[in-house]
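Here's the structure we're looking at; comments come further down.
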Amino acid sequence: MRVAIRDYAVVLIIALGAYCAPAIAADGYPAKAIRMTVPFPPGGTTDILARVAGQKITEATGQQVIVDNRPGAGGNIGTEIVAKAPPDGYTLLADPGSTLTINPSLFSKLPFDTLKDFAPVTIIAAVPNVLVVHPSLPAKNVKELIALAKSRPGQLNYASTGAGQSTHLSMELFKLTAGIDMTHIPYKGSSPALIDLLAGQVPVMFDNMPSSLPYVKANRLRALAVSTLKRSPALPSLATVAESGLPGFEVSVWFGVLAPAGTPRDIVTRLNAIIVKALVNPDTRDRLAGQGAEPIGNTPEEFTAQMQRDLVKWAKVVKSAGIKLD
C-alpha cells in the first residue's frame with residue numbers, strides 16, 4: 001500500500017509539472033535570443049518583413065531576433081525546421097503564405113501539416129504582386145505585353161520566385177486569363193530572379209512589390225500593373241491588371257509569423273501583442289506603406305481562418321492550372 005501511495009504521488013508530481021510547464025515557460029519570456037526562420041534567400045519580401053517584425057520584438061523585449069534564411073524546396077526546408085522545433089517560443093517562422101497554403105496542393109507529401117504543426121501569431125502585412133518587365137522589352141502596358149506574347153507563343157520567358165510560389169501562380173493565372181503562352185523559369189527566391197531580370201536574362205515576372213519597388217522607382221524595371229483589385233498607394237498611378245483588360249483578376253499575398261504547434265498560449269499572445277502594437281505605430285505603417293505593403297496585425301484565430309480559406313482557394317487554382325511538383 002505504501003508503494004502504491006508513493007507511486008501515485010510521483011505520478012501526481014509529474015502530471016502537475018507537465019500542467020504547469022507552459023505557464024513557467026511563458027513567465028519571463030524571452031530570456032534569450034529568438035531565431036526567426038525565413039524559408040527563402042535574403043533580400044526578398046519575406047526577409048524584409050521578417051526583419052521589421054524582428055526589430056520590433058527586440059525593441060519590446062531587449063532580446064535579439066536572429067533572422068535565419070533557410071531557402072530550398074519552395075520554402076519547405078525552412079518551414080519543416082520550425083515545424084519540428086521545440087515549442088518554446090525561441091524558433092519562429094516568417095512565411096509568405098505560399099508555403100503553407102499553396103504547397104499542400106502542389107506536393108503529394110510534405111514534412112509538415114499547415115493546420116496541425118503551427119501556432120499562428122499574426123499576419124504582418126498583405127502586398128500586391130507587381131508585373132514588371134526589363135526596360136528593353138517593347139511592352140509599355142498589359143495590352144502590349146499580351147499582344148507581344150501572342151505574336152511569340154512560348155518564346156517569352158518569365159521568372160518566378162520559385163515553382164508554386166504566388167509569383168508563379170500569378171503568371172499562370174495571367175496566362176490563362178489572357179489566353180497566352182509563356183515559358184516558366186523558376187528561381188530560388190526573389191533576389192536571384194531579380195538579378196537576372198535586371199540583367200535582361202529574363203524579360204518579365206510577377207514579383208512581390210516590396211522587393212521590386214526600389215528598381216521601379218529607379219527606372220531599372222518597368223512596372224505594367226499590380227495584381228490586386230485596388231491600386232497600390234505606393235504606386236498610385238499604376239493600373240491594376242483588372243483595369244488593364246482582364247476584369248476580375250486578383251492576387252494578394254500575405255506575410256505572417258508563426259510558432260511551432262504547442263507553443264504556450266501566453267507566449268503566442270505576447271508575440272502577437274508586440275507585433276500588432278508595432279503595426280499600429282504610424283512610423284511602422286508609413287515604412288511598410290512606402291514599400292507597397294498594407295499592415296494587417298490580426299489575431300491568431302483570424303490568421304488561422306485566413307489560412308483555411310487560402311488552402312481551398314489555391315487548391316482550385318493549382319488544379320485548374322494542372323501544376324504538380326514531386
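Ordered as shown in the C-alpha cells, chains take letters A, B, and onward, while each chain numbers its residues from 1 and ligands are numbered from 1 in the order shown.
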Can you pull out the residues contacting A:Thr167? Cut-off 8 Å, using only C-alpha atoms, and skip same-chain residues under 6 positions away; I want them as a ChimeraX atom specification. /A:129,160-161,205-208
Helix (DSSP H, G or I) positions in stretch 263-312 of chain A, given as a PDB file with C-alpha atoms, in the first residue's frame:
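In the end it all went to result-v5.pdb:
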ATOM      1  CA  ARG A 265      -0.574  30.436 -25.430  1.00  0.00           C
ATOM      2  CA  ASP A 266       0.936  33.166 -23.226  1.00  0.00           C
ATOM      3  CA  ILE A 267       3.976  33.330 -25.500  1.00  0.00           C
ATOM      4  CA  VAL A 268       1.865  33.477 -28.666  1.00  0.00           C
ATOM      5  CA  THR A 269      -0.281  36.197 -27.074  1.00  0.00           C
ATOM      6  CA  ARG A 270       2.774  38.251 -26.106  1.00  0.00           C
ATOM      7  CA  LEU A 271       4.344  37.996 -29.550  1.00  0.00           C
ATOM      8  CA  ASN A 272       1.031  38.935 -31.139  1.00  0.00           C
ATOM      9  CA  ALA A 273       0.652  41.985 -28.872  1.00  0.00           C
ATOM     10  CA  ILE A 274       4.200  43.192 -29.656  1.00  0.00           C
ATOM     11  CA  ILE A 275       3.832  42.913 -33.435  1.00  0.00           C
ATOM     12  CA  VAL A 276       0.282  44.290 -33.574  1.00  0.00           C
ATOM     13  CA  LYS A 277       1.270  47.274 -31.427  1.00  0.00           C
ATOM     14  CA  ALA A 278       4.190  47.966 -33.761  1.00  0.00           C
ATOM     15  CA  LEU A 279       1.924  47.798 -36.814  1.00  0.00           C
ATOM     16  CA  VAL A 280      -0.395  50.409 -35.307  1.00  0.00           C
ATOM     17  CA  PRO A 282       2.382  55.482 -37.636  1.00  0.00           C
ATOM     18  CA  ASP A 283       6.125  55.240 -38.344  1.00  0.00           C
ATOM     19  CA  THR A 284       5.911  51.479 -38.945  1.00  0.00           C
ATOM     20  CA  ARG A 285       2.757  51.827 -41.034  1.00  0.00           C
ATOM     21  CA  ASP A 286       4.351  54.539 -43.159  1.00  0.00           C
ATOM     22  CA  ARG A 287       7.512  52.484 -43.572  1.00  0.00           C
ATOM     23  CA  LEU A 288       5.557  49.455 -44.788  1.00  0.00           C
ATOM     24  CA  ALA A 289       3.210  51.500 -46.959  1.00  0.00           C
ATOM     25  CA  PRO A 300      -4.190  34.121 -34.168  1.00  0.00           C
ATOM     26  CA  GLU A 301      -7.786  32.991 -34.764  1.00  0.00           C
ATOM     27  CA  GLU A 302      -8.197  35.350 -37.730  1.00  0.00           C
ATOM     28  CA  PHE A 303      -4.851  34.199 -39.085  1.00  0.00           C
ATOM     29  CA  THR A 304      -5.967  30.556 -38.874  1.00  0.00           C
ATOM     30  CA  ALA A 305      -9.220  31.346 -40.686  1.00  0.00           C
ATOM     31  CA  GLN A 306      -7.262  33.088 -43.464  1.00  0.00           C
ATOM     32  CA  MET A 307      -5.071  30.016 -43.943  1.00  0.00           C
ATOM     33  CA  GLN A 308      -8.131  27.767 -44.097  1.00  0.00           C
ATOM     34  CA  ARG A 309      -9.700  29.944 -46.817  1.00  0.00           C
ATOM     35  CA  ASP A 310      -6.474  30.118 -48.811  1.00  0.00           C
ATOM     36  CA  LEU A 311      -5.932  26.371 -48.716  1.00  0.00           C
ATOM     37  CA  VAL A 312      -9.269  25.972 -50.504  1.00  0.00           C
TER      38      VAL A 312
END
Who sits within 7 Å of stretch 44-58 of chain A, only C-alpha atoms, same chain under 6 positions skipped, as a list in words: Val38, Gln64, Val65, Val67, Ala94, Asp95, Pro96, Gly189, Ser190, Ser191, Asn208, Pro210, Ser211, Phe255, Ile274, Ile275 and Ala278 of chain A
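If only C-alpha atoms are the atoms counted, then among A:Asp117, A:Asp196, A:Glu59, A:Asp181 the closest residue to A:Ala261 is A:Asp117.
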Find the residues around A:Met209 up to 8 Å (only C-alpha atoms counted), leave out those fewer than 4 positions away in its own chain, and share them as a PyMOL selection string. chain A and resi 45+127-130+213+291-293
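Each of A:Ala60, A:Ala119, A:Ile102, A:Leu238 was compared to A:Val253 using only C-alpha atoms, and A:Ile102 turns out to be the nearest.
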Rank A:Val251, A:Gly89, A:Ile77, A:Asp326 by their smallest atom-to-atom distance to A:Leu173, using only C-alpha atoms, and report the top residue only. A:Val251
Determine which residues of stretch 15-186 of chain A DSSP labels as strand (DSSP E) from the backbone of this structure, then write them out as a PyMOL selection string. chain A and resi 34-38+65-69+91-95+118-133+157-160+183-186
For the residues in the current selection, export C-alpha atoms as a PDB file, in the first residue's frame.
ATOM      1  CA  ILE A  34      14.914  34.311 -30.745  1.00  0.00           C
ATOM      2  CA  ARG A  35      15.513  32.734 -34.146  1.00  0.00           C
ATOM      3  CA  MET A  36      13.194  33.900 -36.949  1.00  0.00           C
ATOM      4  CA  THR A  37      13.411  31.378 -39.786  1.00  0.00           C
ATOM      5  CA  VAL A  38      12.826  32.690 -43.311  1.00  0.00           C
ATOM      6  CA  VAL A  65      15.976  38.306 -33.021  1.00  0.00           C
ATOM      7  CA  ILE A  66      18.252  36.452 -35.432  1.00  0.00           C
ATOM      8  CA  VAL A  67      16.868  36.157 -38.970  1.00  0.00           C
ATOM      9  CA  ASP A  68      17.875  32.725 -40.248  1.00  0.00           C
ATOM     10  CA  ASN A  69      17.461  32.289 -44.031  1.00  0.00           C
ATOM     11  CA  THR A  91      12.088  29.448 -33.028  1.00  0.00           C
ATOM     12  CA  LEU A  92       9.611  31.325 -35.221  1.00  0.00           C
ATOM     13  CA  LEU A  93       8.642  31.171 -38.891  1.00  0.00           C
ATOM     14  CA  ALA A  94       8.168  34.131 -41.235  1.00  0.00           C
ATOM     15  CA  ASP A  95       6.114  32.844 -44.156  1.00  0.00           C
ATOM     16  CA  PHE A 118       1.950  25.600 -36.332  1.00  0.00           C
ATOM     17  CA  ALA A 119       0.607  28.160 -33.882  1.00  0.00           C
ATOM     18  CA  PRO A 120      -0.234  31.288 -35.933  1.00  0.00           C
ATOM     19  CA  VAL A 121       0.840  34.551 -34.282  1.00  0.00           C
ATOM     20  CA  THR A 122      -0.273  37.278 -36.705  1.00  0.00           C
ATOM     21  CA  ILE A 123      -0.212  38.383 -40.316  1.00  0.00           C
ATOM     22  CA  ILE A 124       2.283  41.238 -40.646  1.00  0.00           C
ATOM     23  CA  ALA A 125       1.135  42.650 -43.967  1.00  0.00           C
ATOM     24  CA  ALA A 126      -0.500  41.975 -47.305  1.00  0.00           C
ATOM     25  CA  VAL A 127       1.174  43.021 -50.535  1.00  0.00           C
ATOM     26  CA  PRO A 128       0.258  43.053 -54.216  1.00  0.00           C
ATOM     27  CA  ASN A 129       2.333  41.328 -56.816  1.00  0.00           C
ATOM     28  CA  VAL A 130       3.564  43.734 -59.455  1.00  0.00           C
ATOM     29  CA  LEU A 131       4.004  42.808 -63.117  1.00  0.00           C
ATOM     30  CA  VAL A 132       7.456  44.087 -64.090  1.00  0.00           C
ATOM     31  CA  VAL A 133       9.492  43.871 -67.275  1.00  0.00           C
ATOM     32  CA  ASN A 157      10.374  33.523 -70.661  1.00  0.00           C
ATOM     33  CA  TYR A 158       9.056  34.671 -67.327  1.00  0.00           C
ATOM     34  CA  ALA A 159      10.773  34.407 -63.951  1.00  0.00           C
ATOM     35  CA  SER A 160       9.247  33.470 -60.618  1.00  0.00           C
ATOM     36  CA  THR A 183       7.753  29.714 -70.546  1.00  0.00           C
ATOM     37  CA  HIS A 184       8.343  29.492 -66.796  1.00  0.00           C
ATOM     38  CA  ILE A 185      11.867  29.956 -65.385  1.00  0.00           C
ATOM     39  CA  PRO A 186      11.771  29.276 -61.612  1.00  0.00           C
TER      40      PRO A 186
END
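In this comparison, which uses only C-alpha atoms, the residue of A:Gly322, A:Pro260, A:Pro192, A:Pro233 approaching A:Leu115 most closely is A:Pro260.
Taking atom CA of A:Ser252 and atom CA of A:Thr228 as endpoints, the distance between them is 5.8 Å.
For the residues A:Gly245, A:Pro42, A:Pro264, A:Pro236, ranking by smallest atom-to-atom distance to A:Ala147 using only C-alpha atoms places A:Gly245 first.
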Closest to A:Lys230 among A:Phe107, A:Trp254, A:Tyr29, A:Glu294, using only C-alpha atoms? A:Glu294
